[in-house]
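Structure file target-v9.txt; described as compact mmCIF, C-alpha atoms and all ligand atoms.
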```
# COMPACT_ATOMS: atom_id res chain seq x y z
CA MET A 6 0.00 0.00 0.00
CA GLY A 7 1.40 3.41 -1.01
CA ILE A 8 0.77 5.15 2.29
CA LEU A 9 2.88 2.90 4.52
CA SER A 10 6.45 3.73 5.48
CA SER A 11 9.18 1.29 4.50
CA LYS A 12 9.93 0.90 8.23
CA LEU A 13 6.43 -0.33 8.94
CA SER A 14 6.31 -2.75 6.06
CA ALA A 15 9.12 -4.75 7.71
CA VAL A 16 7.21 -5.01 11.00
CA LYS A 17 5.00 -7.95 11.96
CA PRO A 18 1.91 -7.61 14.13
CA SER A 19 2.11 -9.43 17.49
CA GLN A 20 1.45 -13.17 17.12
CA THR A 21 0.43 -13.37 20.77
CA LYS A 22 -2.32 -10.88 20.21
CA ALA A 23 -3.22 -12.50 16.87
CA MET A 24 -3.78 -15.92 18.50
CA THR A 25 -5.80 -14.40 21.34
CA GLU A 26 -7.95 -12.46 18.86
CA LEU A 27 -8.47 -15.56 16.69
CA ALA A 28 -9.58 -17.45 19.81
CA GLU A 29 -12.02 -14.66 20.62
CA SER A 30 -13.52 -14.68 17.14
CA MET A 31 -13.89 -18.49 17.18
CA ARG A 32 -15.56 -18.21 20.57
CA ALA A 33 -17.90 -15.54 19.21
CA ALA A 34 -18.77 -18.00 16.43
CA GLY A 35 -19.91 -20.50 19.07
CA LYS A 36 -16.79 -22.70 19.52
CA THR A 37 -15.48 -23.48 22.98
CA ILE A 38 -11.88 -22.26 23.15
CA ILE A 39 -9.62 -22.20 26.20
CA THR A 40 -7.23 -19.31 25.79
CA LEU A 41 -3.71 -20.14 26.93
CA SER A 42 -2.12 -17.60 24.61
CA GLN A 43 -2.49 -14.63 26.94
CA GLY A 44 0.37 -12.78 28.57
CA GLU A 45 -1.37 -11.56 31.67
CA PRO A 46 -2.33 -12.87 35.11
CA ASP A 47 -5.92 -14.07 35.36
CA PHE A 48 -6.18 -12.53 38.87
CA ASP A 49 -8.04 -9.30 39.50
CA THR A 50 -6.07 -6.23 40.58
CA PRO A 51 -5.90 -6.46 44.41
CA GLU A 52 -8.77 -4.57 45.98
CA HIS A 53 -6.75 -2.00 47.93
CA ILE A 54 -5.03 -0.94 44.69
CA ALA A 55 -8.30 -0.76 42.74
CA LYS A 56 -9.77 1.35 45.55
CA ALA A 57 -6.84 3.76 45.35
CA GLY A 58 -7.70 4.24 41.68
CA ILE A 59 -11.33 4.98 42.54
CA ALA A 60 -10.23 7.38 45.28
CA ALA A 61 -7.97 9.18 42.78
CA ILE A 62 -10.93 9.74 40.45
CA GLN A 63 -13.10 10.95 43.33
CA ALA A 64 -10.38 13.31 44.49
CA GLY A 65 -10.19 14.84 41.01
CA LYS A 66 -6.70 13.49 40.23
CA THR A 67 -7.78 13.38 36.64
CA ARG A 68 -5.62 16.01 35.01
CA TYR A 69 -2.35 15.97 33.08
CA THR A 70 0.68 15.05 35.16
CA SER A 71 4.35 15.74 34.60
CA VAL A 72 5.84 13.73 31.72
CA ALA A 73 8.08 11.56 33.93
CA GLY A 74 5.23 10.73 36.32
CA ILE A 75 3.85 12.14 39.57
CA ALA A 76 6.42 12.80 42.29
CA PRO A 77 4.98 10.32 44.86
CA LEU A 78 5.14 7.54 42.29
CA ARG A 79 8.71 8.28 41.32
CA GLU A 80 9.63 8.37 45.02
CA ALA A 81 7.89 5.02 45.52
CA ILE A 82 9.87 3.60 42.60
CA VAL A 83 13.17 4.93 43.99
CA GLU A 84 12.30 3.17 47.25
CA LYS A 85 11.23 -0.03 45.46
CA PHE A 86 14.56 -0.21 43.60
CA ARG A 87 16.43 0.40 46.85
CA ARG A 88 14.41 -2.08 48.92
CA GLU A 89 14.10 -4.93 46.46
CA ASN A 90 17.07 -4.57 44.12
CA ASN A 91 19.72 -2.70 46.08
CA LEU A 92 19.77 -0.08 43.31
CA THR A 93 20.23 3.61 44.01
CA TYR A 94 18.49 6.11 41.74
CA THR A 95 17.40 9.70 42.31
CA ALA A 96 13.81 10.60 41.43
CA GLU A 97 15.14 12.37 38.28
CA GLN A 98 16.61 9.07 37.15
CA ILE A 99 13.15 7.49 37.11
CA THR A 100 10.54 7.75 34.40
CA VAL A 101 7.05 6.30 34.23
CA GLY A 102 5.37 5.29 30.97
CA CYS A 103 2.35 3.55 29.46
CA GLY A 104 3.55 0.10 30.42
CA ALA A 105 7.06 -1.30 30.27
CA LYS A 106 6.42 -1.71 26.57
CA GLN A 107 6.37 2.00 25.90
CA LEU A 108 9.53 2.54 27.93
CA LEU A 109 11.40 -0.06 25.90
CA PHE A 110 10.14 1.66 22.78
CA SER A 111 11.10 5.16 24.03
CA ALA A 112 14.58 3.96 25.00
CA LEU A 113 15.15 2.55 21.53
CA MET A 114 13.70 5.61 19.83
CA ALA A 115 15.86 7.90 21.95
CA THR A 116 19.08 6.07 21.16
CA LEU A 117 19.04 4.20 17.85
CA ASP A 118 20.46 5.58 14.66
CA GLU A 119 19.80 3.88 11.34
CA GLY A 120 21.72 0.60 11.23
CA ASP A 121 22.55 0.36 14.94
CA GLU A 122 22.37 -3.24 16.12
CA VAL A 123 20.40 -4.49 19.09
CA VAL A 124 21.28 -7.98 20.26
CA PHE A 125 19.04 -10.22 22.34
CA PRO A 126 18.87 -13.90 23.17
CA THR A 127 16.14 -15.91 21.48
CA PRO A 128 13.51 -17.19 22.12
CA CYS A 129 12.55 -13.60 22.91
CA TRP A 130 9.41 -11.61 23.49
CA VAL A 131 7.60 -11.02 20.18
CA SER A 132 7.97 -7.24 20.39
CA TYR A 133 11.76 -6.92 20.70
CA PRO A 134 12.74 -7.37 17.04
CA GLU A 135 9.76 -5.39 15.79
CA MET A 136 10.42 -2.44 18.13
CA VAL A 137 14.03 -2.36 17.04
CA LYS A 138 13.00 -2.31 13.36
CA LEU A 139 10.41 0.41 13.97
CA ASN A 140 13.16 2.57 15.39
CA GLY A 141 15.55 2.06 12.47
CA GLY A 142 17.75 -0.50 14.23
CA VAL A 143 18.84 -3.96 13.18
CA PRO A 144 17.68 -6.80 15.44
CA VAL A 145 20.35 -9.44 16.04
CA ALA A 146 19.08 -12.70 17.50
CA ILE A 147 21.42 -14.86 19.57
CA PRO A 148 19.87 -18.32 19.75
CA THR A 149 19.95 -20.15 23.08
CA SER A 150 19.26 -23.84 23.54
CA VAL A 151 17.04 -26.09 25.61
CA GLY A 152 20.24 -27.74 26.86
CA ASN A 153 21.41 -24.45 28.42
CA GLY A 154 18.00 -23.77 29.91
CA PHE A 155 17.52 -21.00 27.31
CA ILE A 156 20.19 -18.91 29.06
CA LEU A 157 22.43 -16.70 26.88
CA GLN A 158 25.97 -18.07 26.87
CA PRO A 159 28.86 -15.56 27.29
CA ASP A 160 30.75 -16.81 24.21
CA ASP A 161 27.65 -16.45 22.06
CA LEU A 162 27.20 -12.90 23.33
CA ARG A 163 30.83 -12.08 22.54
CA ALA A 164 30.48 -13.47 19.02
CA ALA A 165 27.38 -11.33 18.37
CA LEU A 166 28.83 -7.99 19.51
CA ASN A 167 30.69 -5.59 17.24
CA ASP A 168 31.22 -1.86 16.70
CA ASN A 169 27.64 -1.38 15.56
CA SER A 170 26.09 -2.98 18.67
CA LYS A 171 24.21 -0.43 20.75
CA TRP A 172 22.11 -2.48 23.15
CA LEU A 173 21.86 -5.91 24.69
CA MET A 174 18.25 -6.58 25.66
CA LEU A 175 17.90 -9.08 28.46
CA ASN A 176 14.64 -10.36 29.89
CA SER A 177 14.54 -12.39 33.10
CA PRO A 178 12.31 -14.16 33.98
CA SER A 179 11.85 -14.66 30.28
CA ASN A 180 8.82 -14.48 28.12
CA PRO A 181 8.41 -17.02 26.50
CA THR A 182 10.72 -19.58 28.18
CA GLY A 183 10.39 -18.74 31.87
CA ALA A 184 14.19 -18.91 32.15
CA VAL A 185 15.64 -16.93 35.07
CA TYR A 186 19.20 -15.56 34.99
CA SER A 187 21.04 -16.14 38.27
CA ALA A 188 23.48 -13.54 39.60
CA SER A 189 26.33 -15.70 38.33
CA ASP A 190 24.78 -15.98 34.84
CA LEU A 191 24.67 -12.18 34.78
CA GLN A 192 28.24 -11.90 36.13
CA ALA A 193 29.47 -14.03 33.25
CA LEU A 194 27.71 -11.78 30.73
CA ALA A 195 29.01 -8.67 32.52
CA GLU A 196 32.56 -9.98 31.99
CA VAL A 197 31.95 -9.92 28.24
CA LEU A 198 30.23 -6.53 28.32
CA ARG A 199 33.24 -4.96 30.04
CA ASP A 200 35.16 -5.62 26.82
CA PHE A 201 32.52 -3.70 24.83
CA PRO A 202 32.22 -0.34 26.61
CA LYS A 203 29.95 1.17 23.97
CA VAL A 204 27.20 -1.42 24.46
CA TRP A 205 24.28 -0.53 26.72
CA ILE A 206 22.18 -3.04 28.63
CA LEU A 207 18.42 -2.98 28.72
CA SER A 208 17.21 -5.13 31.57
CA ASP A 209 13.53 -6.02 31.17
CA ASP A 210 12.51 -7.14 34.67
CA ILE A 211 8.75 -7.08 34.18
CA TYR A 212 8.29 -10.64 35.57
CA GLU A 213 10.57 -9.98 38.57
CA HIS A 214 8.21 -11.22 41.27
CA LEU A 215 7.14 -14.34 39.42
CA VAL A 216 9.97 -16.70 40.33
CA TYR A 217 9.36 -20.04 42.01
CA GLY A 218 11.17 -22.34 44.38
CA ASP A 219 14.64 -21.41 45.56
CA VAL A 220 15.51 -19.33 42.54
CA GLU A 221 16.52 -15.76 43.25
CA PHE A 222 15.82 -12.89 40.91
CA ALA A 223 18.86 -10.83 39.89
CA THR A 224 19.27 -7.73 37.75
CA MET A 225 22.33 -6.49 35.87
CA ALA A 226 22.78 -3.02 37.41
CA ALA A 227 22.88 -4.58 40.90
CA VAL A 228 25.05 -7.57 39.98
CA ALA A 229 27.53 -5.43 38.04
CA PRO A 230 27.38 -1.90 39.55
CA ASP A 231 30.24 -0.81 37.28
CA LEU A 232 27.84 -1.27 34.35
CA ALA A 233 25.00 0.70 35.98
CA ASP A 234 25.95 3.87 34.11
CA ARG A 235 25.05 2.10 30.87
CA THR A 236 22.12 0.01 32.06
CA LEU A 237 18.45 0.84 31.84
CA THR A 238 16.36 -1.16 34.32
CA VAL A 239 12.76 -1.51 33.15
CA ASN A 240 9.95 -2.83 35.29
CA GLY A 241 6.26 -2.18 35.94
CA VAL A 242 3.14 -3.18 37.78
CA SER A 243 1.47 -5.14 34.96
CA LYS A 244 2.46 -8.73 35.75
CA SER A 245 3.42 -8.67 39.43
CA TYR A 246 0.38 -6.69 40.58
CA ALA A 247 -2.15 -8.01 38.02
CA MET A 248 -2.48 -4.52 36.54
CA THR A 249 -1.92 -5.06 32.81
CA GLY A 250 -4.77 -2.78 31.75
CA TRP A 251 -3.69 0.12 33.96
CA ARG A 252 -0.66 0.69 31.73
CA VAL A 253 2.05 1.63 34.18
CA GLY A 254 5.69 0.77 33.60
CA TYR A 255 8.78 2.46 34.96
CA ALA A 256 12.49 2.67 34.31
CA GLY A 257 15.58 3.73 36.19
CA GLY A 258 18.82 4.65 34.51
CA PRO A 259 21.44 7.27 33.71
CA LEU A 260 20.02 10.80 33.75
CA GLU A 261 20.88 11.66 30.14
CA LEU A 262 19.02 8.63 28.84
CA ILE A 263 16.02 9.16 31.11
CA LYS A 264 15.79 12.79 29.98
CA ALA A 265 15.88 11.71 26.34
CA MET A 266 13.14 9.14 26.99
CA ASN A 267 11.08 11.90 28.62
CA THR A 268 11.50 13.97 25.46
CA VAL A 269 10.15 11.05 23.38
CA GLN A 270 7.26 10.57 25.78
CA GLY A 271 6.58 14.30 26.07
CA GLN A 272 6.10 14.49 22.31
CA SER A 273 4.08 11.28 21.98
CA THR A 274 1.87 10.06 24.84
CA SER A 275 2.76 12.84 27.36
CA HIS A 276 2.42 10.46 30.30
CA THR A 277 0.43 7.48 31.43
CA CYS A 278 -3.03 7.80 33.00
CA SER A 279 -3.07 9.95 36.18
CA ILE A 280 -5.48 7.56 37.92
CA SER A 281 -3.26 4.58 37.20
CA GLN A 282 -0.25 6.44 38.55
CA HIS A 283 -2.03 7.08 41.85
CA ALA A 284 -3.11 3.44 42.09
CA SER A 285 0.49 2.40 41.40
CA VAL A 286 1.76 4.39 44.39
CA THR A 287 -0.50 2.20 46.53
CA ALA A 288 0.66 -0.91 44.66
CA LEU A 289 4.32 -0.21 45.36
CA THR A 290 4.00 1.13 48.91
CA GLY A 291 1.03 -0.88 50.23
CA ASP A 292 0.55 -4.45 51.39
CA GLN A 293 2.54 -6.88 49.21
CA SER A 294 1.34 -10.10 50.81
CA PHE A 295 -1.04 -11.02 47.97
CA MET A 296 2.04 -11.61 45.85
CA ASN A 297 2.81 -14.75 47.82
CA GLU A 298 -0.66 -16.02 46.98
CA PHE A 299 -0.16 -15.22 43.29
CA ARG A 300 3.21 -16.95 43.39
CA SER A 301 2.03 -20.11 45.07
CA ALA A 302 -0.97 -20.37 42.74
CA PHE A 303 1.29 -19.96 39.71
CA LYS A 304 3.82 -22.46 41.05
CA ALA A 305 1.15 -25.13 41.59
CA ARG A 306 -0.21 -24.52 38.09
CA ARG A 307 3.24 -24.62 36.57
CA ASP A 308 4.00 -27.95 38.20
CA ALA A 309 0.69 -29.44 37.05
CA MET A 310 1.18 -28.08 33.53
CA VAL A 311 4.75 -29.40 33.20
CA THR A 312 3.63 -32.86 34.31
CA SER A 313 0.67 -32.89 31.93
CA ILE A 314 2.62 -31.62 28.93
CA ASN A 315 5.42 -34.15 29.42
CA ALA A 316 2.77 -36.88 29.52
CA VAL A 317 1.65 -35.94 26.00
CA PRO A 318 3.47 -38.12 23.46
CA GLY A 319 5.75 -36.00 21.25
CA LEU A 320 5.66 -32.93 23.51
CA SER A 321 8.29 -32.08 26.10
CA CYS A 322 9.31 -29.20 28.33
CA ASP A 323 11.61 -28.43 31.23
CA THR A 324 10.34 -26.85 34.42
CA PRO A 325 10.67 -23.09 33.97
CA ASP A 326 11.82 -21.08 37.00
CA GLY A 327 9.69 -18.02 36.42
CA ALA A 328 7.00 -16.03 34.55
CA PHE A 329 3.79 -17.96 33.74
CA TYR A 330 4.63 -19.80 30.55
CA VAL A 331 5.68 -23.30 29.59
CA PHE A 332 7.70 -23.44 26.38
CA ALA A 333 7.11 -26.88 24.94
CA ASP A 334 9.11 -28.58 22.20
CA CYS A 335 6.76 -29.92 19.50
CA ARG A 336 9.35 -30.79 16.86
CA GLU A 337 8.69 -34.52 17.13
CA LEU A 338 5.10 -33.97 16.07
CA LEU A 339 5.86 -31.95 12.96
CA GLY A 340 5.57 -33.87 9.70
CA ASN A 341 2.47 -35.71 10.87
CA VAL A 342 -0.72 -35.51 8.82
CA THR A 343 -3.93 -34.56 10.63
CA PRO A 344 -7.04 -36.78 10.41
CA GLY A 345 -8.37 -33.97 8.17
CA GLY A 346 -5.46 -34.57 5.73
CA LYS A 347 -3.27 -31.54 6.48
CA ARG A 348 0.45 -32.04 6.97
CA LEU A 349 1.74 -30.16 10.03
CA GLU A 350 4.87 -28.45 8.71
CA THR A 351 5.43 -25.75 11.31
CA ASP A 352 4.72 -24.84 14.91
CA MET A 353 2.09 -22.45 13.52
CA ASP A 354 0.35 -25.44 11.84
CA PHE A 355 0.51 -27.33 15.12
CA ALA A 356 -0.88 -24.37 17.09
CA MET A 357 -3.73 -24.10 14.58
CA TYR A 358 -4.38 -27.85 14.93
CA LEU A 359 -4.63 -27.41 18.72
CA MET A 360 -6.97 -24.48 18.26
CA GLU A 361 -9.25 -26.37 15.87
CA VAL A 362 -9.17 -29.88 17.33
CA ALA A 363 -8.42 -29.35 21.04
CA GLY A 364 -10.11 -25.96 21.30
CA VAL A 365 -6.99 -24.55 23.00
CA ALA A 366 -5.21 -21.36 21.95
CA VAL A 367 -1.41 -21.35 22.39
CA VAL A 368 1.24 -19.24 20.66
CA PRO A 369 3.61 -20.76 18.07
CA GLY A 370 7.30 -20.51 19.02
CA SER A 371 8.16 -18.92 15.67
CA GLY A 372 6.57 -15.70 16.98
CA PHE A 373 9.37 -15.70 19.58
CA LEU A 374 12.01 -16.57 16.96
CA ALA A 375 12.11 -20.22 18.07
CA ASP A 376 10.72 -22.63 15.48
CA GLY A 377 9.37 -25.95 16.66
CA PHE A 378 7.96 -24.84 20.01
CA ILE A 379 4.69 -23.60 21.43
CA ARG A 380 4.20 -21.24 24.36
CA ILE A 381 1.46 -22.24 26.75
CA SER A 382 0.40 -19.70 29.37
CA TYR A 383 -0.65 -21.08 32.74
CA ALA A 384 -2.27 -17.81 33.81
CA ALA A 385 -5.68 -19.45 33.85
CA SER A 386 -7.80 -21.30 36.42
CA GLU A 387 -6.83 -24.83 37.51
CA MET A 388 -10.02 -26.13 35.93
CA GLU A 389 -9.33 -24.51 32.58
CA LEU A 390 -5.74 -25.72 32.65
CA ALA A 391 -6.77 -29.29 33.42
CA SER A 392 -9.37 -29.30 30.63
CA ALA A 393 -6.90 -27.74 28.20
CA CYS A 394 -4.21 -30.32 28.99
CA ASP A 395 -6.71 -33.19 28.58
CA ALA A 396 -7.84 -31.74 25.26
CA ILE A 397 -4.25 -31.30 24.03
CA HIS A 398 -3.48 -34.88 25.05
CA ALA A 399 -6.53 -36.21 23.18
CA ALA A 400 -5.81 -34.12 20.05
CA VAL A 401 -2.18 -35.26 19.91
CA THR A 402 -3.16 -38.90 20.48
CA GLN A 403 -5.60 -38.58 17.59
CA LEU A 404 -2.82 -37.11 15.45
CA ILE A 405 -0.39 -39.90 16.31
CA ASP A 406 -3.04 -42.60 15.72
CA ALA A 407 -3.81 -41.10 12.31
CA ASN A 408 -0.13 -41.48 11.40
CA ALA A 409 0.49 -44.90 12.95
C1 LIG A 501 9.02 -9.54 28.26
C2 LIG A 501 8.00 -8.48 28.37
N1 LIG A 501 8.40 -7.20 28.52
C3 LIG A 501 7.52 -6.20 28.62
C4 LIG A 501 6.17 -6.44 28.56
C5 LIG A 501 5.25 -5.25 28.62
O1 LIG A 501 4.57 -5.10 29.79
P1 LIG A 501 3.63 -3.84 30.05
O2 LIG A 501 2.25 -4.38 30.22
O3 LIG A 501 4.16 -3.20 31.29
O4 LIG A 501 3.73 -2.94 28.87
C6 LIG A 501 5.70 -7.74 28.39
C7 LIG A 501 4.25 -8.01 28.26
O5 LIG A 501 3.82 -9.02 27.75
C8 LIG A 501 6.63 -8.79 28.30
O6 LIG A 501 6.25 -10.06 28.16
```
For this file, produce the structure as structure tokens.
Ligand SMILES: Cc1ncc(COP(=O)(O)O)c(C=O)c1O
Amino acid sequence: MGILSSKLSAVKPSQTKAMTELAESMRAAGKTIITLSQGEPDFDTPEHIAKAGIAAIQAGKTRYTSVAGIAPLREAIVEKFRRENNLTYTAEQITVGCGAKQLLFSALMATLDEGDEVVFPTPCWVSYPEMVKLNGGVPVAIPTSVGNGFILQPDDLRAALNDNSKWLMLNSPSNPTGAVYSASDLQALAEVLRDFPKVWILSDDIYEHLVYGDVEFATMAAVAPDLADRTLTVNGVSKSYAMTGWRVGYAGGPLELIKAMNTVQGQSTSHTCSISQHASVTALTGDQSFMNEFRSAFKARRDAMVTSINAVPGLSCDTPDGAFYVFADCRELLGNVTPGGKRLETDMDFAMYLMEVAGVAVVPGSGFLADGFIRISYAASEMELASACDAIHAAVTQLIDANA
């Protein structure tokens, strides 16, 4: 189409959203579909936070705010970084945006020149490569393997970096694999980064609180304080506080970068919703005990899901340490022909087969730059998860029987 920019024509719409929307339209057409393609907790926003939002409306806190966010929220974020991450920022080094997503976008827009490279381990979140392209950069994928628990290996990082590299984007716990980088994993990457002083680090910590068992969350600026002056730490309330729709993300980093991100935001969205900002102050400073309930519910679901998926012939997955996704290998099942006569060539074909035959929506791994996998979200009720796993098992058994 003549109107579109060349930048946009290279950009793909989000496959996660596409699968969720397809599930919705099939449901509207009368089919029963269990949606396990979503990237958000199924819990409601805790009541005390929701009430703070209502109180903000009633108190007339409904006007424009400063671009970087209201002062009490930035103070609460400074305190959060200090308390939970041992990171020291001033309030000026903090900015608040319309979700972590916008902050990642603003950071890239503020820093990328045409042709600058942005490296990131894959499988990665669907939006990383597309955001880089939208901002004139070149996405550089560094594949990780199941054998390494989907953790970026230092030698692979070193091999990917060069004079054009501007950013390393790291996401832990990871969407889609659930992999969590330990402090020593990050130390090993920091060693490499010290040899590349021009490379900045973008630490996407949005799933910080969703780690299970004995695993401890770690973030680069705290693990390698000497790299803090070239690290942007991005976080938000979406996943940890079940507040995806409120659209509040935040970032801490070097002043010059934060100021530049504020310029981008000031000329685009201005700021995120004033009501959401007030509710987020309560989220960050109020009672945090519900998070233990979220965590134990997710852990129980994860364990049940991993067991069920590994019981499906031809599917396998390791136990992820964080987030709320299982990333299952479906390569053994590709090449089979469905009872309807269609040969399943790709993970997309397999995901469509699950949608049509099992009535379960998952996201194909190719959307995360990892062919041959599917991402299954366990942010759904135990009942839905059990039904979905049974249906997947039955659909795969049917597939295998048809090819026996
Ligand atoms: C890895 C990752 N980063 C960032 C985000 C964006 O979160 P927010 O809702 O704060 O924009 C998501 C949401 O799916 C995500 O999976």
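Taking only C-alpha atoms and all ligand atoms into account, ligand LIG 501 (chain A) lies nearest to A:Trp251 out of the set A:Phe299, A:Phe86, A:Tyr94, A:Trp251.
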Exercise for the section: Counting all atoms listed in the file, name the residues that have an atom within 8 Å of an atom of ligand LIG 501 (chain A); the answer should be given as JSON, numbers by chain. Expected result: {"A": [44, 45, 103, 104, 105, 106, 107, 109, 129, 130, 176, 177, 179, 180, 181, 209, 210, 211, 212, 240, 241, 242, 243, 244, 248, 249, 250, 252, 253, 254]}
Fill in the blank from the handout: Min atom-atom distance to A:Gly377 from the set A:Thr402, A:Leu390, A:Glu84, A:Asp334, counting all atoms listed in the file, belongs to A:Asp334
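Excluding A:Ser371 and any residue on its chain fewer than 5 positions from it, the residues at most 9 Å away by all atoms listed in the file are A:Gln20, A:Pro128, A:Thr351, A:Asp352, A:Met353, A:Asp376, A:Gly377, A:Phe378, A:Ile379.
Proximity to A:Asp190 at 9 Å, evaluated using all atoms listed in the file and with sequence-adjacent residues fewer than 4 positions away removed, yields Ile156, Leu157, Gln158, Pro159, Tyr186, Leu194 and Ala195 of chain A.
Considering all atoms listed in the file, the residue among A:Ser187, A:Thr70, A:Thr238, A:Ser14 positioned nearest to A:Asn90 is A:Thr238.
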